[in-house]
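Trainee: As input, take structure-v7.txt (compact mmCIF, C-alpha atoms):
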# COMPACT_ATOMS: atom_id res chain seq x y z
CA MET A 1 0.00 0.00 0.00
CA PRO A 2 1.70 3.21 -1.16
CA ILE A 3 0.14 5.53 1.42
CA GLN A 4 -1.75 4.97 4.63
CA LEU A 5 -3.57 7.06 7.20
CA HIS A 6 -4.11 6.36 10.90
CA GLN A 7 -7.15 4.10 11.28
CA ASN A 8 -8.76 6.00 14.16
CA ILE A 9 -9.55 9.13 12.14
CA GLU A 10 -13.05 10.47 12.76
CA ILE A 11 -14.74 12.84 10.31
CA SER A 12 -17.71 15.05 11.16
CA GLU A 13 -19.25 18.28 9.98
CA PHE A 14 -17.88 21.46 11.52
CA ILE A 15 -21.07 23.47 11.66
CA LEU A 16 -20.70 27.22 11.87
CA THR A 17 -24.09 28.62 12.76
CA THR A 18 -22.60 32.12 12.75
CA ALA A 19 -21.11 31.69 9.26
CA SER A 20 -21.58 34.74 7.08
CA SER A 21 -22.11 32.79 3.85
CA PRO A 22 -23.68 29.39 2.93
CA GLU A 23 -20.30 28.34 1.49
CA GLU A 24 -18.59 28.93 4.80
CA LYS A 25 -21.45 27.22 6.63
CA ASN A 26 -21.50 23.95 4.72
CA ASN A 27 -17.96 23.57 3.55
CA LYS A 28 -16.01 22.83 6.73
CA PHE A 29 -15.31 19.45 8.25
CA LEU A 30 -13.70 18.36 11.49
CA ILE A 31 -11.02 15.71 11.39
CA GLN A 32 -10.22 14.17 14.76
CA CYS A 33 -7.45 11.68 15.42
CA GLU A 34 -6.83 10.94 19.10
CA HIS A 35 -6.11 14.39 20.59
CA LEU A 36 -5.56 16.13 17.24
CA ASN A 37 -8.25 18.33 15.69
CA PHE A 38 -8.27 19.89 12.21
CA VAL A 39 -10.85 21.92 10.34
CA VAL A 40 -10.57 21.12 6.65
CA SER A 41 -12.33 22.09 3.45
CA ALA A 42 -14.47 19.63 1.47
CA PRO A 43 -11.68 18.62 -0.99
CA VAL A 44 -9.34 17.67 1.88
CA LYS A 45 -12.12 15.72 3.55
CA SER A 46 -12.81 13.86 0.26
CA LEU A 47 -9.13 13.04 -0.07
CA ILE A 48 -9.03 11.63 3.47
CA GLU A 49 -12.23 9.65 2.91
CA SER A 50 -10.88 8.25 -0.38
CA LEU A 51 -7.72 7.08 1.33
CA LEU A 52 -9.61 5.52 4.24
CA THR A 53 -12.00 3.71 1.87
CA TYR A 54 -9.03 2.48 -0.15
CA GLN A 55 -7.35 1.20 3.03
CA ASN A 56 -10.43 -0.59 4.31
CA SER A 57 -11.94 -2.05 1.13
CA SER A 58 -11.02 -3.75 -2.08
CA GLN A 59 -11.48 -0.52 -4.08
CA SER A 60 -8.45 0.96 -5.81
CA LEU A 61 -7.35 4.46 -4.79
CA VAL A 62 -8.35 5.80 -8.23
CA GLU A 63 -11.83 4.33 -7.87
CA SER A 64 -12.42 5.53 -4.33
CA TYR A 65 -11.19 9.03 -5.23
CA PHE A 66 -13.50 9.15 -8.25
CA ILE A 67 -16.51 8.04 -6.19
CA LYS A 68 -15.87 10.73 -3.60
CA THR A 69 -14.95 13.61 -5.87
CA ARG A 70 -16.11 12.73 -9.43
CA TYR A 71 -12.57 13.65 -10.56
CA LYS A 72 -10.45 11.23 -12.54
CA ALA A 73 -6.87 11.21 -11.36
CA THR A 74 -3.93 8.84 -11.42
CA GLU A 75 -2.75 7.16 -8.25
CA GLU A 76 0.45 9.24 -8.31
CA ASP A 77 -1.56 12.47 -8.54
CA ILE A 78 -3.81 11.49 -5.64
CA ILE A 79 -0.83 10.52 -3.50
CA ALA A 80 0.88 13.81 -4.35
CA LEU A 81 -2.28 15.73 -3.42
CA ALA A 82 -2.59 13.80 -0.19
CA ARG A 83 1.03 14.43 0.79
CA GLN A 84 0.62 18.11 -0.03
CA HIS A 85 -2.69 18.82 1.70
CA ILE A 86 -3.36 16.25 4.42
CA PRO A 87 -1.69 17.13 7.74
CA GLU A 88 1.38 14.89 8.05
CA GLU A 89 0.41 13.83 11.59
CA LEU A 90 -2.50 11.85 10.08
CA PHE A 91 -0.26 9.54 8.08
CA ALA A 92 0.33 6.11 9.60
CA ASP A 93 4.07 6.36 8.99
CA MET A 94 4.19 9.36 11.35
CA GLU A 95 4.01 8.84 15.06
CA LEU A 96 1.26 10.91 16.66
CA PRO A 97 2.87 13.89 18.40
CA PRO A 98 2.17 14.28 22.12
CA GLN A 99 -0.76 16.50 23.01
CA ARG A 100 0.25 20.15 23.01
CA ASN A 101 -0.99 22.01 26.05
CA PRO A 102 -0.59 25.62 27.14
CA PHE A 103 0.98 24.78 30.50
CA ILE A 104 4.50 25.26 31.80
CA PHE A 105 3.77 22.41 34.16
CA SER A 106 0.74 20.17 34.53
CA MET A 107 -0.43 17.14 36.45
CA THR A 108 -3.57 15.03 36.24
CA LEU A 109 -5.69 15.04 39.40
CA LEU A 110 -8.65 12.97 38.25
CA PRO A 111 -8.36 10.79 35.16
CA GLU A 112 -11.08 10.38 32.56
CA TYR A 113 -12.00 6.82 33.61
CA ILE A 114 -13.05 7.99 37.08
CA LEU A 115 -14.71 11.20 35.89
CA LYS A 116 -16.97 9.40 33.42
CA TYR A 117 -18.90 7.74 36.28
CA LEU A 118 -19.19 11.01 38.20
CA SER A 119 -20.27 13.07 35.18
CA VAL A 120 -23.04 10.63 34.24
CA LEU A 121 -24.66 11.20 37.64
CA LEU A 122 -24.58 14.97 37.21
CA THR A 123 -25.85 15.33 33.63
CA PRO A 124 -29.51 15.90 34.75
CA LEU A 125 -28.32 19.28 36.07
CA PHE A 126 -28.03 20.39 32.44
CA ASN A 127 -31.74 19.99 31.90
CA LYS A 128 -32.90 23.22 30.21
CA TRP A 129 -35.68 24.05 32.68
CA LEU A 130 -33.75 23.05 35.76
CA SER A 131 -30.75 25.15 34.76
CA ALA A 132 -32.98 28.17 34.05
CA ALA A 133 -34.66 27.75 37.46
CA LEU A 134 -31.33 27.41 39.26
CA ALA A 135 -29.94 30.48 37.49
CA LEU A 136 -33.01 32.44 38.60
CA VAL A 137 -32.66 31.24 42.20
CA PHE A 138 -28.98 32.22 42.12
CA ILE A 139 -29.78 35.74 40.87
CA CYS A 140 -32.40 36.24 43.60
CA VAL A 141 -30.31 34.80 46.45
CA HIS A 142 -26.89 36.16 45.52
CA PHE A 143 -27.99 39.68 44.64
CA SER A 144 -30.21 40.05 47.68
CA LEU A 145 -27.29 39.02 49.91
CA PHE A 146 -24.62 40.87 47.98
CA ALA A 147 -24.41 43.76 50.45
CA ASN A 148 -23.71 41.25 53.28
CA ILE A 149 -21.22 39.35 51.11
CA SER A 150 -19.18 42.40 50.11
CA HIS A 151 -19.28 43.73 53.69
CA ALA A 152 -18.02 40.39 55.03
CA ALA A 153 -15.15 40.48 52.56
CA THR A 154 -13.86 43.68 54.20
CA LEU A 155 -13.76 41.94 57.59
CA GLY A 156 -11.99 38.73 56.51
CA ILE A 157 -11.86 35.43 58.36
CA SER A 158 -9.90 34.27 61.37
CA MET A 159 -6.48 32.70 60.93
CA SER A 160 -7.67 29.38 62.40
CA THR A 161 -10.21 28.89 59.59
CA ILE A 162 -7.70 29.44 56.76
CA PRO A 163 -7.03 25.70 56.14
CA MET A 164 -10.78 25.08 55.96
CA PHE A 165 -11.15 28.07 53.64
CA LEU A 166 -8.45 26.75 51.29
CA LEU A 167 -10.09 23.35 51.28
CA ALA A 168 -13.44 24.93 50.41
CA MET A 169 -11.83 26.90 47.57
CA LEU A 170 -10.17 23.76 46.25
CA MET A 171 -13.57 22.13 46.20
CA SER A 172 -14.98 25.11 44.33
CA TYR A 173 -12.27 24.84 41.63
CA PHE A 174 -12.90 21.14 41.33
CA ILE A 175 -16.67 21.67 41.03
CA HIS A 176 -16.00 24.27 38.31
CA GLU A 177 -13.96 21.82 36.24
CA LEU A 178 -16.51 19.10 36.86
CA GLY A 179 -19.07 21.44 35.29
CA HIS A 180 -17.14 21.50 32.00
CA ILE A 181 -16.72 17.73 32.03
CA THR A 182 -20.40 17.10 32.81
CA ALA A 183 -21.50 19.46 30.02
CA CYS A 184 -19.41 17.38 27.62
CA LYS A 185 -21.03 14.21 28.86
CA ARG A 186 -24.47 15.84 28.53
CA PHE A 187 -23.86 16.06 24.76
CA ASN A 188 -22.37 12.52 24.61
CA CYS A 189 -18.96 13.92 23.83
CA PRO A 190 -15.86 12.14 25.21
CA HIS A 191 -13.88 14.17 27.73
CA GLY A 192 -10.43 14.11 29.24
CA SER A 193 -9.13 14.54 32.76
CA ILE A 194 -9.15 17.25 35.41
CA GLY A 195 -5.77 18.53 36.46
CA PHE A 196 -3.64 21.28 37.92
CA GLY A 197 -1.06 23.29 36.03
CA ILE A 198 0.84 26.54 35.65
CA TYR A 199 -0.51 28.60 32.75
CA ILE A 200 1.80 31.53 31.92
CA VAL A 201 2.14 32.69 35.53
CA PHE A 202 -1.21 31.55 36.91
CA PRO A 203 -1.72 28.41 38.98
CA VAL A 204 -4.81 26.90 37.33
CA PHE A 205 -7.16 23.97 37.53
CA TYR A 206 -8.15 22.67 34.14
CA ALA A 207 -10.51 20.27 32.36
CA ASP A 208 -9.42 18.71 29.09
CA VAL A 209 -12.40 18.99 26.73
CA SER A 210 -10.49 18.90 23.43
CA LYS A 211 -13.01 16.50 21.90
CA ALA A 212 -15.67 19.19 22.32
CA TRP A 213 -14.64 20.58 18.92
CA ARG A 214 -17.07 18.03 17.47
CA LEU A 215 -20.02 19.79 19.14
CA SER A 216 -22.02 22.64 17.65
CA GLN A 217 -21.11 26.23 18.54
CA LYS A 218 -24.05 26.46 20.96
CA GLN A 219 -23.14 23.18 22.67
CA ARG A 220 -19.52 24.27 22.99
CA ALA A 221 -20.71 27.50 24.61
CA VAL A 222 -22.64 25.38 27.13
CA VAL A 223 -19.42 23.43 27.84
CA ASP A 224 -17.62 26.78 28.33
CA LEU A 225 -20.27 27.99 30.78
CA GLY A 226 -20.58 24.60 32.52
CA GLY A 227 -17.91 25.51 35.07
CA ILE A 228 -19.52 28.79 36.08
CA TYR A 229 -22.94 27.10 36.15
CA PHE A 230 -21.75 24.49 38.65
CA GLN A 231 -20.13 27.17 40.81
CA LEU A 232 -23.36 29.11 40.66
CA ILE A 233 -25.20 26.08 42.15
CA LEU A 234 -22.50 25.87 44.81
CA LEU A 235 -23.00 29.55 45.59
CA ILE A 236 -26.73 29.05 46.20
CA VAL A 237 -25.82 26.53 48.92
CA VAL A 238 -23.03 28.72 50.37
CA ASP A 239 -25.23 31.85 50.36
CA CYS A 240 -28.12 30.05 52.07
CA TYR A 241 -25.77 28.65 54.69
CA ALA A 242 -24.24 32.10 55.26
CA PHE A 243 -27.68 33.67 55.64
CA PHE A 244 -29.28 31.12 57.95
CA TYR A 245 -26.21 30.61 60.17
CA GLU A 246 -24.94 34.21 59.84
CA SER A 247 -21.59 32.72 58.91
CA GLN A 248 -18.82 35.20 58.20
CA PHE A 249 -16.75 32.32 56.81
CA ALA A 250 -19.45 31.41 54.26
CA TYR A 251 -19.94 35.05 53.22
CA VAL A 252 -16.20 35.45 52.54
CA LEU A 253 -16.20 32.14 50.67
CA SER A 254 -19.10 33.37 48.55
CA TRP A 255 -17.21 36.59 47.78
CA THR A 256 -14.07 34.71 46.73
CA ILE A 257 -15.96 32.26 44.53
CA THR A 258 -17.75 35.18 42.86
CA LEU A 259 -14.38 36.76 42.19
CA THR A 260 -12.99 33.59 40.61
CA MET A 261 -16.11 33.32 38.44
CA LEU A 262 -15.64 36.87 37.17
CA HIS A 263 -11.91 36.35 36.69
CA THR A 264 -12.47 33.30 34.51
CA LEU A 265 -14.56 35.39 32.09
CA ASN A 266 -11.44 37.35 31.09
CA PRO A 267 -11.25 36.70 27.32
CA PHE A 268 -7.63 37.77 26.88
CA PHE A 269 -6.15 34.68 28.51
CA LYS A 270 -7.31 31.17 27.67
CA PHE A 271 -9.85 31.09 30.47
CA ASP A 272 -13.56 30.35 29.98
CA GLY A 273 -14.19 33.83 28.55
CA TYR A 274 -11.72 33.15 25.72
CA TRP A 275 -13.44 29.91 24.67
CA LEU A 276 -16.87 31.46 25.03
CA LEU A 277 -15.95 34.35 22.75
CA SER A 278 -14.30 31.99 20.27
CA ASP A 279 -17.29 29.62 20.19
CA LEU A 280 -19.99 32.26 20.05
CA SER A 281 -18.23 34.16 17.27
CA GLY A 282 -17.13 31.06 15.37
CA ILE A 283 -13.55 32.38 15.17
CA THR A 284 -11.23 29.48 15.94
CA ASN A 285 -7.65 29.89 17.21
CA LEU A 286 -8.51 33.37 18.46
CA HIS A 287 -5.05 34.15 19.86
CA ASP A 288 -3.28 33.30 16.60
CA LYS A 289 -5.76 35.35 14.61
CA MET A 290 -5.40 38.24 17.04
CA ARG A 291 -1.70 38.40 16.12
CA THR A 292 -2.64 38.45 12.44
CA ALA A 293 -5.24 41.16 13.02
CA LEU A 294 -2.79 43.36 14.94
CA ASN A 295 -0.24 42.89 12.19
CA ARG A 296 -2.76 44.01 9.58
CA ILE A 297 -3.82 46.98 11.69
CA LYS A 298 -0.14 47.95 11.96
CA HIS A 299 0.25 47.76 8.18
CA LYS A 300 -2.97 49.71 7.67
CA VAL A 301 -1.79 52.48 10.01
CA PHE A 302 1.80 52.73 8.77
CA LYS A 303 1.58 51.66 5.13
CA GLY A 304 -2.08 52.19 4.23
CA THR A 305 -2.48 48.51 3.28
CA PRO A 306 -6.20 47.49 3.27
CA LEU A 307 -7.21 45.33 6.25
CA ASN A 308 -8.55 42.72 3.85
CA PHE A 309 -10.34 40.35 6.22
CA LYS A 310 -12.25 37.33 4.95
CA ASN A 311 -15.58 38.73 6.13
CA ASP A 312 -17.14 41.56 8.13
CA LYS A 313 -17.72 39.37 11.17
CA THR A 314 -13.99 38.78 11.52
CA LEU A 315 -13.30 42.47 10.97
CA TYR A 316 -15.82 43.79 13.49
CA LEU A 317 -15.02 41.25 16.18
CA LEU A 318 -11.37 40.49 15.79
CA VAL A 319 -10.12 44.05 15.39
CA PRO A 320 -11.80 45.44 18.57
CA TYR A 321 -10.84 42.27 20.48
CA SER A 322 -7.22 42.55 19.40
CA LEU A 323 -7.04 46.25 20.25
CA MET A 324 -8.67 45.66 23.63
CA ALA A 325 -6.29 42.77 24.37
CA MET A 326 -3.39 45.06 23.50
CA LEU A 327 -4.74 47.76 25.82
CA PHE A 328 -5.32 45.18 28.56
CA PHE A 329 -1.75 43.84 28.38
CA THR A 330 -0.36 47.39 28.20
CA TYR A 331 -2.42 48.40 31.25
CA ILE A 332 -1.15 45.40 33.24
CA ALA A 333 2.44 46.13 32.14
CA THR A 334 2.07 49.80 33.20
CA PHE A 335 0.57 48.74 36.53
CA LEU A 336 3.44 46.32 37.15
CA GLY A 337 5.96 48.95 36.08
CA SER A 338 4.57 51.45 38.60
CA LYS A 339 4.56 48.79 41.34
CA LEU A 340 8.16 47.93 40.51
CA TRP A 341 9.13 51.61 40.67
CA GLN A 342 7.34 51.99 44.02
CA THR A 343 9.03 48.89 45.45
CA GLY A 344 12.40 50.06 44.13
CA GLN A 345 11.92 53.37 45.97
CA GLU A 346 11.09 51.52 49.20
CA ILE A 347 14.24 49.40 48.85
CA ALA A 348 16.34 52.50 48.15
CA ALA A 349 14.81 54.31 51.16
CA VAL A 350 15.75 51.42 53.49
CA ILE A 351 19.28 51.19 52.11
CA PHE A 352 19.96 54.95 52.22
CA SER A 353 18.67 55.18 55.79
CA LEU A 354 21.48 52.88 56.98
CA PRO A 355 24.45 54.55 58.69
CA ASN A 356 27.22 52.41 57.14
CA SER A 357 27.99 52.11 53.48
CA SER A 358 28.36 48.32 53.58
CA LEU A 359 25.04 46.47 53.65
CA LEU A 360 26.52 43.46 55.47
CA SER A 361 27.78 45.56 58.37
CA ASN A 362 24.22 46.87 58.86
CA ILE A 363 22.55 43.50 59.25
CA ASP A 364 22.61 43.56 63.06
CA LEU A 365 21.08 47.02 63.11
CA MET A 366 18.46 45.99 60.58
CA LEU A 367 17.60 42.90 62.64
CA GLU A 368 17.15 45.14 65.68
CA GLN A 369 14.94 47.59 63.83
CA GLY A 370 13.03 44.82 62.06
CA THR A 371 13.80 46.34 58.69
CA LEU A 372 15.62 43.27 57.34
CA LEU A 373 12.37 41.38 56.90
CA SER A 374 10.74 44.35 55.14
CA LEU A 375 13.77 44.64 52.86
CA LEU A 376 13.70 40.95 51.96
CA LYS A 377 9.96 41.17 51.37
CA ALA A 378 10.42 44.22 49.12
CA LEU A 379 13.20 42.45 47.20
CA MET A 380 10.98 39.44 46.68
CA TRP A 381 8.15 41.62 45.35
CA ALA A 382 10.60 43.48 43.11
CA ALA A 383 11.82 40.19 41.64
CA LEU A 384 8.23 39.04 41.08
CA PHE A 385 7.18 42.34 39.47
CA THR A 386 10.27 42.22 37.22
CA LEU A 387 9.43 38.68 36.15
CA LEU A 388 5.81 39.51 35.41
CA LEU A 389 6.69 42.78 33.68
CA SER A 390 9.18 41.03 31.41
CA PHE A 391 6.52 38.46 30.59
CA TYR A 392 3.93 41.09 29.66
CA LEU A 393 6.44 43.13 27.63
CA LYS A 394 7.41 39.97 25.76
CA ARG A 395 3.75 39.22 25.12
CA ILE A 396 3.13 42.73 23.77
CA LYS A 397 6.20 42.42 21.54
CA ASN A 398 4.98 39.02 20.25
CA LEU A 399 1.61 40.53 19.42
CA LEU A 400 3.11 43.41 17.50
CA VAL A 401 5.89 41.56 15.72
CA ASN A 402 4.16 38.83 13.76
CA ASN A 403 6.51 36.39 12.11
CA ASN A 404 3.77 33.97 11.20
CA VAL A 405 3.40 34.75 7.49
CA LYS A 406 1.30 31.65 6.89
CA ALA A 407 -1.25 32.68 9.48
CA SER A 408 -1.53 36.16 8.02
CA ASN A 409 -2.67 34.71 4.72
CA LYS A 410 -5.68 33.01 6.26
CA MET B 1 -6.54 16.41 -14.43
CA ASN B 2 -3.90 19.05 -14.10
CA ASN B 3 -6.39 21.84 -14.67
CA ASP B 4 -8.82 20.24 -12.28
CA LYS B 5 -6.10 19.82 -9.70
CA ASN B 6 -5.02 23.44 -9.93
CA GLU B 7 -8.59 24.56 -9.60
CA LEU B 8 -9.06 22.34 -6.58
CA ASN B 9 -5.80 23.39 -5.00
CA THR B 10 -7.24 26.77 -4.12
CA GLU B 11 -9.94 25.10 -2.04
CA TYR B 12 -7.64 22.86 -0.04
CA THR B 13 -7.55 24.41 3.40
CA VAL B 14 -6.46 22.89 6.70
CA GLU B 15 -6.46 24.58 10.08
CA ALA B 16 -5.07 22.80 13.14
CA LEU B 17 -7.27 23.58 16.12
CA GLU B 18 -5.79 24.32 19.51
CA ALA B 19 -6.33 21.86 22.36
CA ARG B 20 -9.25 22.86 24.53
CA PHE B 21 -8.25 23.14 28.17
CA GLU B 22 -10.91 24.99 30.12
CA MET B 23 -8.99 26.70 32.92
CA GLU B 24 -9.78 28.53 36.10
CA ALA B 25 -7.00 30.48 37.79
CA VAL B 26 -6.47 30.24 41.52
CA VAL B 27 -7.64 33.61 42.81
CA ASP B 28 -7.35 34.91 46.37
CA ASP B 29 -9.30 37.93 47.57
CA GLY B 30 -7.20 38.39 50.68
CA GLY B 31 -10.18 37.33 52.78
CA ALA B 32 -7.94 35.53 55.22
CA GLU B 33 -6.59 38.83 56.49
CA THR B 34 -7.93 39.76 59.87
CA ASP B 35 -6.84 43.38 60.08
CA GLY B 36 -9.98 44.65 58.40
CA SER B 37 -8.28 45.36 55.09
CA CYS B 38 -9.66 43.96 51.87
CA GLU B 39 -7.16 43.71 49.10
CA CYS B 40 -8.30 41.92 45.96
CA LYS B 41 -5.37 40.22 44.36
CA VAL B 42 -4.45 37.25 42.24
CA THR B 43 -1.97 34.90 43.83
CA TRP B 44 0.68 34.11 41.25
Could you quickly redo this structure as structure tokens?
Mentor:
Amino acid sequence: MPIQLHQNIEISEFILTTASSPEEKNNKFLIQCEHLNFVVSAPVKSLIESLLTYQNSSQSLVESYFIKTRYKATEEDIIALARQHIPEELFADMELPPQRNPFIFSMTLLPEYILKYLSVLLTPLFNKWLSAALALVFICVHFSLFANISHAATLGISMSTIPMFLLAMLMSYFIHELGHITACKRFNCPHGSIGFGIYIVFPVFYADVSKAWRLSQKQRAVVDLGGIYFQLILLIVVDCYAFFYESQFAYVLSWTITLTMLHTLNPFFKFDGYWLLSDLSGITNLHDKMRTALNRIKHKVFKGTPLNFKNDKTLYLLVPYSLMAMLFFTYIATFLGSKLWQTGQEIAAVIFSLPNSSLLSNIDLMLEQGTLLSLLKALMWAALFTLLLSFYLKRIKNLLVNNNVKASNK
Amino acid sequence: MNNDKNELNTEYTVEALEARFEMEAVVDDGGAETDGSCECKVTW
């Protein structure tokens, strides 16, 4: 056999309900092979199907290609087309690459084989009427208690309850991820594991729902909101407990969970807000396309080159998103820069207040005055601010300097 | 075939989709402080 694809390739329609033209709507297909996902046009899909039919039947490649496409071609031509247009990872002679993830470090906490039993039990929570009712209850309870919740947050909790508080927060993160997994299960879509990782600089909990690409845009949006929905149910319980037992601890917990829910809607990092925006708009690989958009805006501003986007939807969504992301990262970088400057001044003030020129000879004095600890603390913050600032500056530079020529042509 | 192939070539598009990891960052609102202050911050 001259050419062979991996056997476990799955082909489905990639339906874009927000497509701006019928061609765009009906002409995209999803190719899934293990953890890999590709959106391909109809000719690529036909090529893949021809090859798979050829592999699994007595048909010749020429025959199977003709049946799928109505084009007559020689075997050499078909093989050449396949090698040119089918992603190389799909060929059986290529080993599947390991799954690419956005983490610096990651570890699985709950594997898929355990989660599948848990998620089955929870799928009734995604009943349309039940979820609407629960959302309504949440709005009534949480907003009526919000004054108490925000007031409690200013008072804090006692030191002795901190371990319990951390445990409760861990549970909240876990429930959030379970929400994504259960939403997948609700639509009979396979899911991955729940884990913990470091994303850029954030410690994060994550749910692997890579197979969710096979769902419709609306279903994917439900998967995106599944985490917040589960936390919202948790908040109803926490709020009721706080109200009936007048629990300061529960009020503070409610405040912190609310904050994490809002934080996860940030669309500029790959949190839930990013996926929600991507799925609702139908713009895939949003971050890559943001780079392209910023590059085109740069060329428009400096060289007068037309923006030339594929359609108006991309233009009106991607351009504001990209500019806002740029502003967001610039704001954070400015904030970190000012904090670094402030911390630097504090360090300088401590050092200049010392009587001797050598820092080492002042250690005893600093220990006596208690300034050594403040100095070490300030140095630690300065190092952290420098690290974060360099990260954000690098990110801004990456957004502005786009070396991905291929992406810019899409 | 060559003409057909060239015509078809323009329609051959492939886009690799990114892996979907739904993430939630660990956020701390400083609620554990007992001095009455409320500082909202993200723990890095």
Trainee: Compute the set of chain A residues within 8 Å of chain B, using all atoms listed in the file, and express it as an NGL selection string.
Mentor: :A and (35-44 or 71-73 or 85-87 or 99-101 or 153-159 or 162 or 173 or 176-177 or 180 or 201-212 or 224 or 252 or 256 or 259-260 or 263-264 or 270-272 or 275 or 284-285)
Trainee: Please measure the separation of atom CA of Pro306 of chain A and atom CA of Leu294 of chain A, giving the value in Å to one decimal.
Mentor: 12.8 Å
Trainee: Provide the atom CA of His142 of chain A to atom CA of Asp239 of chain A distance in Å, to one decimal place.
Mentor: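 Atom-to-atom, atom CA of His142 of chain A to atom CA of Asp239 of chain A, that is 6.7 Å.
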